Structures are given as structure tokens and as C-alpha cells.
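Shown here: input.txt, compact mmCIF, C-alpha atoms.
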```txt
# COMPACT_ATOMS: atom_id res chain seq x y z
CA MET W 226 -97.94 2.28 6.07
CA SER W 227 -98.13 1.24 9.71
CA THR W 228 -97.25 -2.42 9.13
CA ALA W 229 -93.93 -1.91 7.34
CA SER W 230 -91.09 -4.31 8.14
CA LEU W 231 -87.52 -3.24 8.75
CA LEU W 232 -84.25 -5.08 9.29
CA ILE W 233 -81.58 -3.11 11.14
CA ALA W 234 -78.20 -4.67 10.38
CA GLY W 235 -75.82 -3.68 13.15
CA CYS W 236 -78.53 -2.81 15.65
CA GLY W 237 -76.48 -1.04 18.31
CA ASP W 238 -77.09 2.27 20.05
CA VAL W 239 -78.44 4.26 17.10
CA GLY W 240 -80.24 1.25 15.67
CA GLY W 241 -81.86 0.44 18.99
CA ARG W 242 -83.16 3.98 19.34
CA LEU W 243 -84.50 3.83 15.78
CA ALA W 244 -86.17 0.50 16.55
CA ARG W 245 -87.99 1.87 19.57
CA ARG W 246 -89.36 4.77 17.54
CA LEU W 247 -90.71 2.59 14.76
CA LEU W 248 -92.06 -0.13 17.05
CA ALA W 249 -94.17 2.61 18.63
CA GLU W 250 -95.54 3.33 15.14
CA GLY W 251 -96.54 -0.29 14.55
CA TRP W 252 -93.60 -1.37 12.41
CA THR W 253 -92.18 -4.88 12.53
CA VAL W 254 -88.49 -4.51 13.36
CA TYR W 255 -85.75 -7.13 13.12
CA GLY W 256 -82.41 -6.43 14.77
CA LEU W 257 -79.23 -8.15 13.60
CA ARG W 258 -76.30 -8.18 15.98
CA ARG W 259 -74.06 -10.72 17.69
CA ASP W 260 -75.46 -10.17 21.19
CA THR W 261 -79.21 -10.08 20.70
CA ALA W 262 -79.82 -9.92 24.47
CA ARG W 263 -79.06 -6.21 24.20
CA LEU W 264 -81.82 -5.51 21.67
CA PRO W 265 -84.73 -3.35 22.84
CA ALA W 266 -87.92 -5.14 23.85
CA GLY W 267 -90.12 -5.89 20.88
CA VAL W 268 -87.30 -6.19 18.34
CA LEU W 269 -87.24 -9.59 16.64
CA PRO W 270 -83.72 -10.95 17.21
CA VAL W 271 -81.46 -12.02 14.36
CA ALA W 272 -78.24 -13.32 15.90
CA GLY W 273 -75.35 -13.13 13.47
CA ASP W 274 -71.96 -11.75 12.59
CA LEU W 275 -71.91 -9.35 9.67
CA ARG W 276 -68.25 -10.13 9.11
CA GLY W 277 -68.92 -13.83 8.41
CA ASP W 278 -70.23 -15.49 5.27
CA ASP W 279 -72.84 -17.62 7.04
CA CYS W 280 -76.37 -16.29 6.88
CA PRO W 281 -77.90 -15.95 10.36
CA PRO W 282 -80.26 -18.88 11.07
CA ALA W 283 -83.00 -16.50 12.23
CA TRP W 284 -82.89 -14.39 9.07
CA PRO W 285 -86.46 -13.24 8.24
CA SER W 286 -88.16 -15.55 5.76
CA GLY W 287 -90.83 -13.15 4.51
CA PRO W 288 -90.61 -9.89 2.58
CA LEU W 289 -88.61 -7.03 4.04
CA ASP W 290 -89.77 -3.51 3.25
CA TYR W 291 -86.67 -1.68 4.47
CA LEU W 292 -83.04 -2.28 5.39
CA VAL W 293 -80.96 0.05 7.53
CA TYR W 294 -77.27 -0.78 7.62
CA CYS W 295 -75.68 0.92 10.63
CA ALA W 296 -72.80 -1.29 11.66
CA ALA W 297 -69.87 0.10 13.62
CA ALA W 298 -66.25 -0.96 13.31
CA THR W 299 -64.97 -2.77 16.39
CA GLU W 300 -61.35 -2.58 15.24
CA HIS W 301 -60.32 0.93 14.28
CA ASP W 302 -57.79 0.09 11.61
CA GLU W 303 -58.04 -0.40 7.87
CA ALA W 304 -58.92 -4.10 8.13
CA GLY W 305 -61.53 -3.41 10.78
CA TYR W 306 -63.21 -0.71 8.72
CA ARG W 307 -63.25 -2.89 5.63
CA ALA W 308 -64.76 -5.79 7.57
CA ALA W 309 -67.51 -3.66 9.11
CA TYR W 310 -68.54 -1.47 6.23
CA ILE W 311 -67.69 -3.31 3.02
CA ASP W 312 -67.63 -7.01 3.86
CA GLY W 313 -70.59 -6.70 6.22
CA LEU W 314 -72.72 -4.83 3.72
CA ARG W 315 -71.78 -7.24 0.95
CA HIS W 316 -72.78 -10.19 3.13
CA THR W 317 -76.09 -8.55 4.03
CA LEU W 318 -76.95 -7.88 0.40
CA ASP W 319 -76.06 -11.47 -0.45
CA TRP W 320 -78.35 -12.80 2.28
CA LEU W 321 -81.18 -10.67 0.91
CA ARG W 322 -80.66 -12.12 -2.56
CA ARG W 323 -80.60 -15.69 -1.23
CA HIS W 324 -84.03 -15.11 0.28
CA GLY W 325 -85.44 -13.35 -2.76
CA GLN W 326 -85.93 -10.15 -0.77
CA ARG W 327 -85.85 -6.75 -2.44
CA PRO W 328 -86.47 -3.94 0.05
CA LYS W 329 -88.17 -0.74 -1.05
CA ARG W 330 -85.09 1.13 0.16
CA LEU W 331 -81.75 0.66 1.86
CA ILE W 332 -80.45 3.41 4.12
CA PHE W 333 -76.72 3.09 4.64
CA VAL W 334 -75.43 4.97 7.67
CA SER W 335 -72.20 6.61 6.62
CA SER W 336 -70.02 9.41 7.95
CA SER W 337 -69.00 12.95 7.11
CA GLY W 338 -65.49 11.49 7.23
CA VAL W 339 -65.87 10.86 3.48
CA TYR W 340 -65.12 14.56 2.95
CA GLY W 341 -61.54 15.72 2.74
CA GLN W 342 -62.14 19.44 3.29
CA GLU W 343 -60.04 20.75 6.18
CA ASP W 344 -60.07 24.56 6.00
CA GLY W 345 -63.46 25.38 7.49
CA GLU W 346 -65.33 25.10 4.18
CA TRP W 347 -69.07 24.59 4.05
CA VAL W 348 -69.95 21.20 2.60
CA ASP W 349 -73.21 19.62 1.52
CA GLU W 350 -74.26 16.41 -0.20
CA ASP W 351 -72.97 17.65 -3.56
CA SER W 352 -69.52 18.65 -2.29
CA PRO W 353 -66.58 16.50 -3.41
CA ALA W 354 -66.18 13.49 -1.10
CA GLU W 355 -62.49 12.74 -1.54
CA ALA W 356 -61.10 11.88 1.87
CA SER W 357 -57.42 10.98 2.04
CA ARG W 358 -57.63 8.94 5.26
CA TYR W 359 -58.32 5.22 4.99
CA SER W 360 -61.49 5.50 7.07
CA GLY W 361 -63.08 7.97 4.66
CA ARG W 362 -61.89 6.12 1.58
CA ILE W 363 -63.28 2.80 2.81
CA MET W 364 -66.57 4.42 3.79
CA ARG W 365 -66.82 5.96 0.33
CA GLU W 366 -66.28 2.53 -1.20
CA ALA W 367 -69.04 1.14 1.00
CA GLU W 368 -71.33 3.99 -0.07
CA ARG W 369 -70.86 3.05 -3.71
CA LEU W 370 -71.64 -0.57 -2.87
CA ALA W 371 -74.87 0.54 -1.19
CA LEU W 372 -75.92 2.70 -4.14
CA ASP W 373 -75.27 -0.23 -6.48
CA ALA W 374 -77.38 -2.64 -4.39
CA GLY W 375 -79.93 -3.11 -7.17
CA PHE W 376 -82.79 -1.38 -5.35
CA PRO W 377 -83.33 2.21 -4.13
CA ALA W 378 -80.76 3.38 -1.60
CA SER W 379 -79.94 6.51 0.36
CA LEU W 380 -76.82 7.43 2.29
CA LEU W 381 -77.03 9.17 5.66
CA ARG W 382 -73.72 10.81 6.52
CA LEU W 383 -73.70 11.40 10.26
CA SER W 384 -71.10 13.47 12.06
CA GLY W 385 -69.98 13.74 15.66
CA ILE W 386 -72.63 11.60 17.36
CA TYR W 387 -72.84 12.40 21.05
CA GLY W 388 -75.21 11.74 23.90
CA PRO W 389 -75.56 9.30 26.80
CA GLY W 390 -72.61 6.90 26.73
CA ARG W 391 -70.80 9.03 24.13
CA GLU W 392 -69.05 11.51 26.38
CA TRP W 393 -65.43 11.62 25.22
CA LEU W 394 -65.41 15.40 24.92
CA LEU W 395 -66.99 15.85 28.35
CA ARG W 396 -64.24 13.72 29.88
CA GLN W 397 -61.59 15.80 28.13
CA VAL W 398 -63.13 19.04 29.37
CA ARG W 399 -63.37 17.74 32.95
CA GLU W 400 -59.67 16.87 32.80
CA GLY W 401 -58.85 20.43 31.76
CA TYR W 402 -57.37 19.71 28.37
CA ARG W 403 -56.79 22.70 26.13
CA VAL W 404 -57.94 23.22 22.56
CA VAL W 405 -56.49 25.60 20.01
CA SER W 406 -58.62 28.57 18.96
CA GLU W 407 -56.60 29.79 15.98
CA PRO W 408 -57.24 28.72 13.37
CA PRO W 409 -60.72 27.63 14.52
CA LEU W 410 -61.36 23.91 14.18
CA TYR W 411 -64.95 23.65 13.05
CA GLY W 412 -66.77 20.52 14.07
CA ASN W 413 -70.15 19.03 13.30
CA ARG W 414 -72.28 16.99 15.65
CA ILE W 415 -75.66 15.40 16.15
CA HIS W 416 -77.27 14.12 19.33
CA VAL W 417 -77.78 10.36 19.16
CA GLU W 418 -81.55 10.78 19.52
CA ASP W 419 -81.58 13.13 16.54
CA ALA W 420 -79.54 10.62 14.53
CA ALA W 421 -82.16 7.95 15.23
CA GLY W 422 -84.93 10.46 14.66
CA LEU W 423 -83.61 11.42 11.24
CA LEU W 424 -83.39 7.76 10.23
CA ALA W 425 -86.99 7.23 11.32
CA PHE W 426 -88.06 10.40 9.51
CA LEU W 427 -86.50 9.23 6.23
CA LEU W 428 -88.02 5.76 6.47
CA GLN W 429 -91.47 7.09 7.28
CA ALA W 430 -91.23 9.63 4.45
CA ASP W 431 -90.35 6.89 1.98
CA ALA W 432 -93.20 4.73 3.27
CA ARG W 433 -95.59 7.61 2.53
CA GLY W 434 -94.28 7.84 -1.02
CA VAL W 435 -92.15 10.97 -0.53
CA PRO W 436 -89.25 10.93 -3.02
CA LEU W 437 -85.89 10.68 -1.25
CA ALA W 438 -82.50 11.82 -2.47
CA ASP W 439 -79.59 9.42 -2.60
CA CYS W 440 -77.69 11.25 0.17
CA TYR W 441 -78.39 13.30 3.30
CA LEU W 442 -76.13 14.91 5.87
CA GLY W 443 -77.15 14.20 9.45
CA VAL W 444 -75.93 17.11 11.57
CA ASP W 445 -77.49 19.74 13.80
CA ASP W 446 -78.17 23.33 12.72
CA GLU W 447 -74.97 24.89 14.02
CA PRO W 448 -71.43 23.78 13.16
CA ALA W 449 -69.21 25.37 15.78
CA PRO W 450 -65.50 25.85 16.50
CA LEU W 451 -64.27 23.27 18.99
CA HIS W 452 -62.83 25.92 21.31
CA GLU W 453 -66.28 27.51 21.56
CA VAL W 454 -67.87 24.18 22.51
CA VAL W 455 -65.14 23.48 25.05
CA GLY W 456 -65.47 26.99 26.50
CA TRP W 457 -69.23 26.58 26.92
CA LEU W 458 -68.80 23.19 28.59
CA ARG W 459 -66.09 24.52 30.93
CA GLU W 460 -68.39 27.30 32.07
CA ARG W 461 -71.37 24.96 32.41
CA LEU W 462 -69.31 22.46 34.44
CA GLY W 463 -67.48 25.08 36.50
CA ILE W 464 -64.06 23.92 35.28
CA THR W 465 -61.38 26.56 35.90
CA ARG W 466 -58.08 24.69 35.75
CA TRP W 467 -56.13 23.84 32.62
CA SER W 468 -54.17 20.64 32.27
CA ASP W 469 -50.45 20.75 31.61
CA GLU W 470 -50.87 17.76 29.33
CA SER W 471 -51.52 17.75 25.61
CA ALA W 472 -54.47 19.68 24.22
CA VAL W 473 -57.70 18.29 22.79
CA ARG W 474 -56.94 17.72 19.13
CA ARG W 475 -59.09 17.17 16.07
CA SER W 476 -58.08 16.54 12.51
CA GLY W 477 -59.81 18.50 9.81
CA SER W 478 -62.19 21.43 9.92
CA LYS W 479 -65.38 21.76 7.90
CA ARG W 480 -68.94 22.96 8.30
CA CYS W 481 -71.66 20.54 7.20
CA SER W 482 -75.07 21.79 6.10
CA ASN W 483 -78.29 19.94 6.99
CA ALA W 484 -80.34 22.05 4.53
CA ARG W 485 -81.40 19.06 2.43
CA ALA W 486 -82.87 17.16 5.39
CA ARG W 487 -84.53 20.32 6.67
CA ALA W 488 -86.05 20.96 3.22
CA LEU W 489 -87.70 17.55 3.52
CA GLY W 490 -89.28 18.67 6.81
CA TRP W 491 -86.89 17.27 9.42
CA ARG W 492 -85.94 19.40 12.40
CA PRO W 493 -83.42 18.33 15.06
CA ARG W 494 -84.70 18.20 18.61
CA TYR W 495 -81.30 19.52 19.69
CA PRO W 496 -80.44 22.26 17.15
CA SER W 497 -76.99 22.99 18.60
CA TYR W 498 -74.42 21.61 21.03
CA ARG W 499 -75.88 23.81 23.77
CA GLU W 500 -79.29 22.11 23.88
CA GLY W 501 -77.79 18.70 23.29
CA TYR W 502 -75.11 18.82 25.96
CA GLU W 503 -77.50 20.48 28.38
CA ALA W 504 -79.72 17.41 28.04
CA VAL W 505 -76.73 15.10 28.57
CA LEU W 506 -75.62 16.99 31.69
CA THR W 507 -79.15 17.08 33.08
CA GLU W 508 -79.37 13.30 32.72
CA ASP W 509 -76.05 12.73 34.56
```
Could you quickly redo this structure as C-alpha cells?
Amino acid sequence: MSTASLLIAGCGDVGGRLARRLLAEGWTVYGLRRDTARLPAGVLPVAGDLRGDDCPPAWPSGPLDYLVYCAAATEHDEAGYRAAYIDGLRHTLDWLRRHGQRPKRLIFVSSSGVYGQEDGEWVDEDSPAEASRYSGRIMREAERLALDAGFPASLLRLSGIYGPGREWLLRQVREGYRVVSEPPLYGNRIHVEDAAGLLAFLLQADARGVPLADCYLGVDDEPAPLHEVVGWLRERLGITRWSDESAVRRSGSKRCSNARARALGWRPRYPSYREGYEAVLTED
């Protein structure tokens, strides 16, 4: 299905990388964002604000085979999350209905923040998703909205996206901040190219007629304690000093399994933080 059409609502970093992959495969890709000048070459621009009721003037008029919703909150508070993930998705679904468009599948990019587990447990797509924080609760509400869209939908719960331009942890390590080792704080991560690659893999699988589940976890092969990651980065960067200031902190601790995506045939290019951060440092 080389001529499939796709609208990426919230076509930022991950969406742009996804677009480039599918353009190379002959797909027609529309990118919806406020600043369309930042879309990759070849993406058909749809200038609009997902938070507003008004349908973008350049909304595609013909059929749309696929919709990927991968907006990001610009205000990191409860109102900002609700605007980005619930209001924005609701507006997008309304604009589809106005144009009589019924995609073959919606992929809603969610977060492992929907899980409330905090004691290092292994979690998968069937684990209880009962986050207590507002961010996870709002994302869970948005997930339900996506699954009730009226056409097939899948959730992709990403965790700990890192890569070029996403270097918070590297900055912390370079500044010498400490991280606790006991109890270990397990974290999950995925290189931004693997996040885009998994999205492309799922879309292409669906286009070939491969049955998709309603939820996938997007993480690499190796959840790891944060102190281990920090220790590896310190050694790789030659950092020997420790800061007297507050330590690197994370809330929660869980280990996410990517077994369902792997069973479908997906393999991350960067299977652990070591390969992924090595690529980031080599690019610096």
C-alpha cells in the first residue's frame, strides 16, 4: 500500500521523523502544527491550532487512510495537558467527521505515565493503568477518547524519549548531580528515532493487513536503574566530580516490557541506553 495517506496531528519532532520515513516509502503525509515552516520537506502543511475549535483551512479534502495524534503539551499543568491531549484530540475527531473522513486506523501517542506502579514492577499493556498524578489520569482519559473514536485505534505508550535535542539527563550528568542507588529507580526509555520507527512499523503493518492490538508499549529492550545509566554516562563523559547541589530525582519506578511490539516483528535500532546515548554523544 505505497500510496497511503496519513495526517500527523501535532507534527513535531517525533512526527517529523515519522513523516520522513513514510515519505520515503511513497506515502502522502499531511502535517498539522501551528508553525508549518518547521515541517520536513515533502510534508503537506496543515496550519492550525489543535486547542481551538476552528478547523484548519488547509484540512485535507479527500480520504485519509491514517491519523497519528502525537501532540505535546506546551503548558505542563493540568489545564495544559487537558488542552493538548483531550481537547485537541476531540477537535481533530470532529474535523474528520465534518469532512466525512473515516481513517482505517488512529494511532494515539500516549505515555507510560498512565501506570501508577512505583516499586520496580514489570508492566505490560495488560497491567493496571491507574496513575494518581494528573498527567497520567488525563492521558488515560484521552486514551479512552481515542479508543471510542468510532474507527479502529491503537495506543502507543512511549516512555523516556531521548536523542538529539532531548538531553536533559546529559546536562544533569555533566553538572555532577547525584542519583540515589537504593532503592534502585528503574526507568524506561526509547531513542526518538526508535519512537518514530515503531510508529512507522505499526502503520505499515496495518496497511499490509496485519492485525494490530489496541495498545503497545514503546520502550527499548532494557529497563535500567537510573544510577546505572548515570554511572555509565559519567564514565563515558569523563565526569569525576559530584555536585553539592540536589541529586537527580525521578518519581516512580517500573520496568516496561516491549514484548508485544517485538512479537509483531519490531526491533529497536538502539536496544539499550548504551547504544542510544553513544549515538547521541557521537553526534555532538
For the point (-77.7, -17.6, 4.0) in file coordinates, what residues are within 10 Å, counting all atoms listed in the file? Give the answer as a VMD selection string? chain W and resid 278 to 284 316 to 317 319 to 324
Distance query W:Tyr498 at most 10 Å, all atoms listed in the file, self and fewer than 6 positions along chain excluded, as a PDB file with C-alpha atoms, keeping the file's coordinate frame:
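File produced: out-v7.pdb:
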```pdb
ATOM      1  CA  TYR W 387     -72.840  12.400  21.050  1.00  0.00           C
ATOM      2  CA  ASN W 413     -70.150  19.030  13.300  1.00  0.00           C
ATOM      3  CA  ARG W 414     -72.280  16.990  15.650  1.00  0.00           C
ATOM      4  CA  ILE W 415     -75.660  15.400  16.150  1.00  0.00           C
ATOM      5  CA  HIS W 416     -77.270  14.120  19.330  1.00  0.00           C
ATOM      6  CA  ASP W 445     -77.490  19.740  13.800  1.00  0.00           C
ATOM      7  CA  ASP W 446     -78.170  23.330  12.720  1.00  0.00           C
ATOM      8  CA  GLU W 447     -74.970  24.890  14.020  1.00  0.00           C
ATOM      9  CA  PRO W 448     -71.430  23.780  13.160  1.00  0.00           C
ATOM     10  CA  ALA W 449     -69.210  25.370  15.780  1.00  0.00           C
ATOM     11  CA  VAL W 454     -67.870  24.180  22.510  1.00  0.00           C
ATOM     12  CA  TRP W 457     -69.230  26.580  26.920  1.00  0.00           C
ATOM     13  CA  LEU W 458     -68.800  23.190  28.590  1.00  0.00           C
ATOM     14  CA  ALA W 504     -79.720  17.410  28.040  1.00  0.00           C
TER      15      ALA W 504
END
```
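Using all atoms listed in the file for every distance, the candidate list W:Glu500, W:Glu418, W:Asp431, W:Glu392 yields W:Glu418 as the residue closest to W:Leu243.
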Can you list, as a ChimeraX atom specification, every protein, DNA or RNA residue that comes within 12 Å of W:Lys479 when you count all atoms listed in the file, leaving out same-chain residues fewer than 2 positions away? /W:337-349,352,384,409-414,447-451,475-477,481-482
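Using only C-alpha atoms, the smallest distance between any of W:Ile233, W:Val455, W:Ser478, W:Arg246 and W:Arg396 comes from W:Val455.
Distances from W:Glu400, W:Leu395, W:Pro493, W:Leu381 to W:Gly443 were compared using all atoms listed in the file, and the smallest one belongs to W:Leu381.
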Residues near stretch 464-468 of chain W, anyone? I mean within 8 Å using all atoms listed in the file, not counting same-chain ones fewer than 6 positions away, as a PyMOL selection string. chain W and resi 398-403
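Between atom CA of W:Asp351 and atom CA of W:Ile386 the separation is 21.8 Å.
From atom CA of W:Glu470 back to atom CA of W:Pro408, the distance works out to 20.4 Å.
For the pair atom CA of W:Leu383 and atom CA of W:Val417, the separation is 9.8 Å.
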Which residues are near W:Ile363? Cut-off 9 Å, all atoms listed in the file, ignore same chain within fewer than 5 positions. Put them as JSON, numbers by chain. {"W": [303, 306, 307, 310, 311, 339, 358, 368]}
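Non-sequential neighbours of W:Thr507 (distance at most 12 Å, separation of 6 or more positions within a chain, all atoms listed in the file) are W:Gly388, W:Pro389, W:Arg461, W:Leu462, W:Arg499, W:Glu500, W:Gly501.
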Spatial sel., origin (-75.9, 6.5, 1.0), limit 6 Å, all atoms listed in the file, listed as a list in words: Phe333, Glu368, Ser379, Leu380, Leu381, Asp439 and Cys440 of chain W
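Restricting the calculation to only C-alpha atoms, the smallest distance between W:Leu318 and any of W:Gly251, W:Gly375, W:Gly237, W:Gly434 is found for W:Gly375.
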Closest pair table for stretch 317-419 of chain W residues within 8 Å of stretch 288-302 of chain W, all atoms listed in the file, as a tab-separated table:
```
residue	atom	partner	partner_atom	distance
W:Gln326	CA	W:Pro288	CA	5.8
W:Arg327	CA	W:Leu289	CA	7.0
W:Pro328	CA	W:Asp290	CA	4.6
W:Lys329	CA	W:Asp290	CA	5.4
W:Arg330	CA	W:Tyr291	CA	5.4
W:Leu331	CA	W:Leu292	CA	4.8
W:Ile332	CA	W:Val293	CA	4.8
W:Phe333	CA	W:Tyr294	CA	4.9
W:Val334	CA	W:Cys295	CA	5.0
W:Ser335	CA	W:Cys295	CA	7.8
W:Ser360	CA	W:Asp302	CA	8.0
```
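Using all atoms listed in the file for every distance, the candidate list W:Leu394, W:Ser497, W:Gly273, W:Ala234 yields W:Ala234 as the residue closest to W:Gly256.
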Within 10 Å of stretch 422-425 of chain W: each stretch 238-270 of chain W residue with its shortest pair, all atoms listed in the file, as a tab-separated table:
```
residue	atom	partner	partner_atom	distance
W:Val239	CA	W:Leu424	CA	9.2
W:Gly240	CA	W:Leu424	CA	9.0
W:Arg242	CA	W:Gly422	CA	8.2
W:Leu243	CA	W:Ala425	CA	6.1
W:Ala244	CA	W:Ala425	CA	8.6
W:Arg245	CA	W:Ala425	CA	9.9
W:Arg246	CA	W:Ala425	CA	7.1
W:Leu247	CA	W:Ala425	CA	6.9
```
Would you write out those residues with C-alpha atoms, as a PDB file, in the coordinates of the input?
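To be explicit, this is the file written out as selection-v2.pdb:
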```pdb
ATOM      1  CA  VAL W 239     -78.440   4.260  17.100  1.00  0.00           C
ATOM      2  CA  GLY W 240     -80.240   1.250  15.670  1.00  0.00           C
ATOM      3  CA  ARG W 242     -83.160   3.980  19.340  1.00  0.00           C
ATOM      4  CA  LEU W 243     -84.500   3.830  15.780  1.00  0.00           C
ATOM      5  CA  ALA W 244     -86.170   0.500  16.550  1.00  0.00           C
ATOM      6  CA  ARG W 245     -87.990   1.870  19.570  1.00  0.00           C
ATOM      7  CA  ARG W 246     -89.360   4.770  17.540  1.00  0.00           C
ATOM      8  CA  LEU W 247     -90.710   2.590  14.760  1.00  0.00           C
TER       9      LEU W 247
END
```
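Using only C-alpha atoms, the shortest contact distance between W:Cys236 and any of W:Arg315, W:Ala421, W:Leu428, W:Ser357 is found at W:Ala421.
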Kindly add all heavy atoms to the incomplete stretch 226-236 of chain W and provide the output as a CSV table (one decimal), keeping the file's coordinate frame.
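The file below, rebuild_35.csv, is the result:
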```csv
chain,number,residue,atom,x,y,z
W,226,MET,N,-98.5,3.6,6.2
W,226,MET,CA,-97.9,2.3,6.1
W,226,MET,C,-97.5,1.8,7.4
W,226,MET,O,-96.3,1.7,7.8
W,226,MET,CB,-96.8,2.3,5.1
W,226,MET,CG,-96.2,1.0,4.7
W,226,MET,SD,-94.9,1.1,3.5
W,226,MET,CE,-94.4,-0.6,3.3
W,227,SER,N,-98.5,1.5,8.3
W,227,SER,CA,-98.1,1.2,9.7
W,227,SER,C,-97.6,-0.2,9.9
W,227,SER,O,-97.1,-0.5,11.0
W,227,SER,CB,-99.4,1.4,10.6
W,227,SER,OG,-100.4,0.6,10.2
W,228,THR,N,-97.7,-1.0,8.9
W,228,THR,CA,-97.2,-2.4,9.1
W,228,THR,C,-96.0,-2.7,8.4
W,228,THR,O,-95.7,-3.9,8.1
W,228,THR,CB,-98.3,-3.4,8.7
W,228,THR,OG1,-98.7,-3.1,7.3
W,228,THR,CG2,-99.6,-3.2,9.5
W,229,ALA,N,-95.2,-1.7,8.1
W,229,ALA,CA,-93.9,-1.9,7.3
W,229,ALA,C,-93.0,-2.8,8.2
W,229,ALA,O,-93.0,-2.7,9.4
W,229,ALA,CB,-93.3,-0.6,7.0
W,230,SER,N,-92.1,-3.5,7.5
W,230,SER,CA,-91.1,-4.3,8.1
W,230,SER,C,-89.7,-3.7,7.8
W,230,SER,O,-89.4,-3.2,6.7
W,230,SER,CB,-91.2,-5.8,7.7
W,230,SER,OG,-91.0,-5.9,6.3
W,231,LEU,N,-88.9,-3.8,8.8
W,231,LEU,CA,-87.5,-3.2,8.8
W,231,LEU,C,-86.5,-4.2,9.4
W,231,LEU,O,-86.8,-4.7,10.5
W,231,LEU,CB,-87.5,-1.9,9.5
W,231,LEU,CG,-86.1,-1.3,9.9
W,231,LEU,CD1,-85.4,-0.9,8.6
W,231,LEU,CD2,-86.3,-0.1,10.9
W,232,LEU,N,-85.4,-4.4,8.7
W,232,LEU,CA,-84.2,-5.1,9.3
W,232,LEU,C,-83.2,-4.1,9.5
W,232,LEU,O,-82.8,-3.3,8.6
W,232,LEU,CB,-83.7,-6.2,8.4
W,232,LEU,CG,-82.4,-6.8,8.8
W,232,LEU,CD1,-82.6,-7.6,10.1
W,232,LEU,CD2,-81.8,-7.7,7.7
W,233,ILE,N,-82.7,-4.0,10.8
W,233,ILE,CA,-81.6,-3.1,11.1
W,233,ILE,C,-80.3,-4.0,11.3
W,233,ILE,O,-80.2,-4.8,12.2
W,233,ILE,CB,-81.9,-2.3,12.4
W,233,ILE,CG1,-83.2,-1.5,12.3
W,233,ILE,CG2,-80.7,-1.4,12.8
W,233,ILE,CD1,-83.6,-0.9,13.6
W,234,ALA,N,-79.4,-3.9,10.3
W,234,ALA,CA,-78.2,-4.7,10.4
W,234,ALA,C,-77.1,-3.9,11.1
W,234,ALA,O,-76.7,-2.8,10.7
W,234,ALA,CB,-77.7,-5.0,9.0
W,235,GLY,N,-76.7,-4.4,12.3
W,235,GLY,CA,-75.8,-3.7,13.2
W,235,GLY,C,-76.6,-2.8,14.1
W,235,GLY,O,-76.5,-1.6,14.2
W,236,CYS,N,-77.5,-3.5,14.8
W,236,CYS,CA,-78.5,-2.8,15.6
W,236,CYS,C,-77.9,-2.5,17.0
W,236,CYS,O,-78.2,-3.2,18.0
W,236,CYS,CB,-79.8,-3.7,15.8
W,236,CYS,SG,-81.2,-2.8,16.5
```
